[in-house]
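For reference, the structure discussed in these notes is given below.
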Amino acid sequence: MKYVDEFRDRELVKNLSEGIHKITTREWCIMEICGGQTHSIMRYSLEEFLPEEIRLVHGPGCPVCVTPLEIIDKAVRIAQRDDVIFTSYGDMLRVPGSEKDLLSVKAGGGDIRIIYSPLDAVKIAEDNPEKKVVFFAIGFETTAPANAMAVKEADRRGLKNFSILSSHVLVPPAMEAILSVEESRIQGFLAAGHVCTVMGYEEYLPIAEKYRIPIVVTGFEPVDILKGIHQVVLQLEEGRHEVENAYGRVVSLEGNIHAKKVLREVYEVSDMKWRGIGNIPLSGFSLSGRYDEFNAENIFDVGDIQQQESPLCIAGEVLQGLKKPGDFPAFGKECKPEHPLGAPMVSSEGACSAYYRFKKSETGSETESTI
Amino acid sequence: MDFTLNCPIPISEYPYITMAHGSGGRLSHQLIDKLFRPIFSDEQLDAGHDGAILPTVSGRMAFTTDSFVVKPVFFPGGNIGDLAVNGTVNDLACCGAKPEYLSVGMILEEGLAMEDLWKIVLTMKQAADLAGVRIVTGDTKVVDHGSGDQIFINTSGVGCVREGVNIDPSACKPGDVVILSGFIGDHGVAIMSAREGLEFQTSIESDSAALNGLVDAILDASLNVSVLRDPTRGGVATTLNEISKSAHAGIVLDETSIPVRPEVMGACEVLGLDPMYIANEGKILVIVPDDDSEKVLRAMQNHPHGKDSVIIGQLTEEHPSVVRMTTSIGSSRIIDMLTGEQLPRIC
């Protein structure tokens with residue numbers, strides 16, 4: 001397939017791998033931010049192409065994984081209502097809330113629909129004027145513009161029965177939160193290519209400067225990821241700490257100006273809770289006052305829901321790069337995709353799930369037989 | 001079968017299935033006499049008994065059942081009717097049996113368009129004729145509007161197992177070869193392209209087909225085949241995991257050898273799905289000792305339903321019960337079972 005096969009080319013992968021081996025003289029710890037990158041690293045076993053000295057740590061860039069428990073519980077309560085059609089991206093349906101997930105609500109008769117585009121939710125609202133249609137608007141800067149467009153479109157069409165349950169998070173504050181942890185061992189970042197497609201990469205310049213850490217904007221195919229790693233390692237070996245763009249076919253410095261304008265109009269930056277990490281100041285988008293009438297949390301009575309995470313789950317430490325999924329004794333035993341203790345085991349982009357699915361054989365058959 | 005004919009039950013009278021069509025009374029009989037019986041046209045059905053009375057056969061028999069609840073009912077390349085016939089025919093064929101007789105149980109939802117039912121029944125007859133099986137008994141029930149989803153079909157089938165054939169996954173051994181009969185993912189992607197809320201334009205059609213002819217060709221080439229499986233729900237990945245576990249052997253696949261159409265690959269890239277887990281309805285996985293693999297492969301390639309057959313992997317002593325794949329870039333990864341349905345990813 002054009003524009004994909006070129007970036008899954010065996011020869012290019014081999015050359016990049018040799019290049020990385022050649023320049024690596026000591027141990028380096030690099031975090032890939034985005035869950036899509038984690039998925040690719042696992043799917044193609046990219047660690048096989050890296051020298052032993054390079055350790056990859058899977059970052060918090062999986063929207064499913066960092067959406068806080070209490071938002072899931074709010075979604076569950078709203079979706080159970082008879083007067084609601086609840087619409088969501090597919091991944092969110094299996095994320096465990098404190099009591100149940102959305103799939104169980106659906107099984108119990110809740111009208112929950114998987115959609116691919118937020119604008120489909122707007123259409124459902126238009127087609128079902130007797131129902132309240134709620135869209136579960138989650139994600140990073142990548143999904144935020146499309147979700148914002150749905151709100152704008154509902155407003156333009158004068159729909160009074162459409163709202164969003166919003167939980168949008170932002171990458172740069174999360175990077176800073178990770179770097180501020182004393183035990184953090186992260187020495188370089190692969191920045192999330194699609195986030196940068198929207199936002200550009202200007203906002204990473206002060207982070208690279210402040211924490212003296214190389215940041216390379218990186219894509220998602222094997223060649224992209226190895227190229228990103230190569231550039232980070234090169235900077236580390238040469239003692240540089242710059243922001244570089246290894247995903248130039250998609251990303252520009254200023255990003256998508258139109259999308260950013262829509263974001264500024266519909267949202268305002270606010271404090272946000274991250275599942276497994278906790279509250280990070282100014283790390284999310286909330287609906288701006290202008291669009292407050294589309295806020296599902298105002299429309300439905302869910303303000304009382306507050307939840308703490310399972311103390312068993314080390315997802316927070318995994319997402320911050322302090323631990324690998326396999327470090328957790330329950331990994332592959334009490335915690336596996338059939339009954340996840342935490343969200344990173346749910347989404348195929350989640351660090352734990354990706355680890356489980358693609359690396360299971362290395363942990364041997366004991367992961368199979370325990371439960 | 002001539003599709004230009006009109007539905008035998010005048011649309012002006014009963015354009016939709018009503019509860020009365022399942023009452024056992026006059027309308028039930030009208031449905032049977034005017035629609036099912038003339039189309040299926042089998043002496044066993046004409047006899048009007050409660051069941052079919054069939055001659056005994058010598059040797060071993062295969063018996064299977066499958067229920068079909070596909071949504072949407074009509075999709076590019078077929079409908080629930082041919083799917084229901086081919087599905088059971090293929091299950092019998094994968095037992096190494098020659099499919100002989102089918103039963104058809106229908107659960108109709110009140111409000112189903114009579115014309116749709118008629119089209120489905122015509123397609124079933126056509127599929128049965130193509131596969132060379134007889135539909136010899138059946139049943140119809142009607143449920144209230146909202147208690148079903150237009151139409152559910154159960155088909156059961158019996159067939160005679162061919163002499164000398166022994167399909168048994170536990171008999172396959174390291175070194176045996178895995179052959180796949182063609183492009184994967186066509187059916188699942190065709191269904192998705194027609195599903196409400198997800199309509200996208202594609203030229204992909206379901207691969208729904210009866211594979212008993214192909215199985216005949218395979219068994220003509222070698223009786224040493226230990227596994228015949230049609231990788232339907234859960235796709236090639238799930239079926240190979242099941243085989244690997246039954247055989248207590250590892251399986252190693254070569255990603256570059258697995259045929260995926262660019263349109264299917266494209267849909268999977270956009271939707272965040274893996275074609276290895278997408279359903280097929282006209283493909284077969286064969287495991288055969290290495291010595292016989294070339295002649296089986298040739299026999300498959302010479303059959304219309306197997307012309308794109310390829311060797312995709314081999315059984316191994318290493319990593320028992322685990323399926324691994326050598327990726328297109330030369331690394332190795334696990335192909336695990338899915339927990340549930342593949343859910344589309346967010347980004």
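We label chains A, B, ... in the order they appear in the structure tokens, count residues from 1 in each chain, and number ligands from 1 in the order shown.
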Residue list for chain A near chain B as a PyMOL selection string, 7 Å, only C-alpha atoms: chain A and resi 1+8-10+13+43-45+48+89-91+115+337-338+357-359
12 Å contact set for Pro340 of chain A, only C-alpha atoms, chain neighbours under 4 positions out, as a list in words: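 Here the qualifying residues turn out to be Cys65, Arg94, Val95, Pro96, Gly97, Ser98, Lys100, Asp101, Ser310, Leu312, Cys313, Ile314, Ala315, Ala330, Phe331, Gly332, Lys333, Glu334, Cys335, Lys336, Pro344, Met345, Val346, Ser347, Gly350, Cys352, Ser353 and Tyr356 of chain A; Thr339 of chain B.
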Suppose we keep C-alpha atoms; can you now write the selection as a PDB file, in the first residue's frame?
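Writing the result to part-v2.pdb gives the following:
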```pdb
ATOM      1  CA  CYS A  65      -5.540   4.652  29.340  1.00  0.00           C
ATOM      2  CA  ARG A  94     -14.185  -2.045  27.542  1.00  0.00           C
ATOM      3  CA  VAL A  95     -12.430   0.337  29.928  1.00  0.00           C
ATOM      4  CA  PRO A  96     -13.334  -0.750  33.448  1.00  0.00           C
ATOM      5  CA  GLY A  97     -15.087   1.796  35.612  1.00  0.00           C
ATOM      6  CA  SER A  98     -15.208   1.226  39.338  1.00  0.00           C
ATOM      7  CA  LYS A 100     -18.754  -1.813  35.306  1.00  0.00           C
ATOM      8  CA  ASP A 101     -17.753  -0.877  31.785  1.00  0.00           C
ATOM      9  CA  SER A 310      -7.287   0.535  42.350  1.00  0.00           C
ATOM     10  CA  LEU A 312      -3.160  -2.809  43.064  1.00  0.00           C
ATOM     11  CA  CYS A 313      -2.559  -1.310  39.645  1.00  0.00           C
ATOM     12  CA  ILE A 314       0.829   0.182  38.838  1.00  0.00           C
ATOM     13  CA  ALA A 315      -0.488   1.808  35.671  1.00  0.00           C
ATOM     14  CA  ALA A 330      -0.137  -9.439  38.700  1.00  0.00           C
ATOM     15  CA  PHE A 331       0.784  -8.807  35.042  1.00  0.00           C
ATOM     16  CA  GLY A 332      -0.608 -11.600  32.875  1.00  0.00           C
ATOM     17  CA  LYS A 333      -2.168 -13.192  35.957  1.00  0.00           C
ATOM     18  CA  GLU A 334      -4.747 -11.115  37.857  1.00  0.00           C
ATOM     19  CA  CYS A 335      -4.386  -8.421  35.210  1.00  0.00           C
ATOM     20  CA  LYS A 336      -4.898  -9.455  31.598  1.00  0.00           C
ATOM     21  CA  PRO A 344      -3.464   0.334  29.883  1.00  0.00           C
ATOM     22  CA  MET A 345      -4.469  -3.334  29.653  1.00  0.00           C
ATOM     23  CA  VAL A 346      -7.629  -2.440  27.709  1.00  0.00           C
ATOM     24  CA  SER A 347      -6.761  -0.531  24.583  1.00  0.00           C
ATOM     25  CA  GLY A 350      -2.182   0.637  26.016  1.00  0.00           C
ATOM     26  CA  CYS A 352       0.273  -3.179  29.214  1.00  0.00           C
ATOM     27  CA  SER A 353      -2.015  -4.636  26.562  1.00  0.00           C
ATOM     28  CA  TYR A 356       0.829  -8.643  26.861  1.00  0.00           C
TER      29      TYR A 356
ATOM     30  CA  THR B 339     -10.231 -11.185  24.166  1.00  0.00           C
TER      31      THR B 339
END
```
Test item: residues at most 10 Å from Phe220 of chain A, only C-alpha atoms, excluding those fewer than 3 positions along its chain, as JSON, numbers by chain: {"A": [7, 34, 35, 36, 37, 38, 39, 40, 41, 192, 193, 194, 223, 224, 225, 226, 228, 247]}
Please report, as JSON lines, each residue of segment 134-223 of chain B lying at most 10 Å from segment 22-33 of chain B, together with the nearest pair of atoms and the separation in Å rounded to one decimal; use only C-alpha atoms, and order rows by chain and ascending residue number.
```
{"residue": "B:Gly138", "atom": "CA", "partner": "B:Ile32", "partner_atom": "CA", "distance": 9.9}
{"residue": "B:Asp139", "atom": "CA", "partner": "B:Ile32", "partner_atom": "CA", "distance": 9.4}
{"residue": "B:Thr140", "atom": "CA", "partner": "B:Gly22", "partner_atom": "CA", "distance": 6.8}
{"residue": "B:Lys141", "atom": "CA", "partner": "B:Gly22", "partner_atom": "CA", "distance": 5.2}
{"residue": "B:Val142", "atom": "CA", "partner": "B:Gly22", "partner_atom": "CA", "distance": 4.8}
{"residue": "B:Val143", "atom": "CA", "partner": "B:Gly22", "partner_atom": "CA", "distance": 8.0}
```
For the residues in the current selection, export C-alpha atoms as a compact mmCIF listing (two decimals), in the first residue's frame.
```txt
# COMPACT_ATOMS: atom_id res chain seq x y z
CA GLY B 138 -37.06 -26.80 7.99
CA ASP B 139 -38.92 -24.72 10.51
CA THR B 140 -40.11 -21.13 10.76
CA LYS B 141 -40.97 -19.07 13.81
CA VAL B 142 -42.00 -15.44 14.01
CA VAL B 143 -41.09 -13.21 16.96
```
DSSP helix (DSSP H, G or I) residues within segment 219-343 of chain A, as a ChimeraX atom specification: /A:222-238,257-266,289-294,296-299,315-319,325-327,343
Coordinates-based distance that separates atom CA of Pro60 of chain A from atom CA of Met199 of chain A (Å, one decimal):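 Atom-to-atom, atom CA of Met199 of chain A and atom CA of Pro60 of chain A are spaced 17.7 Å apart.
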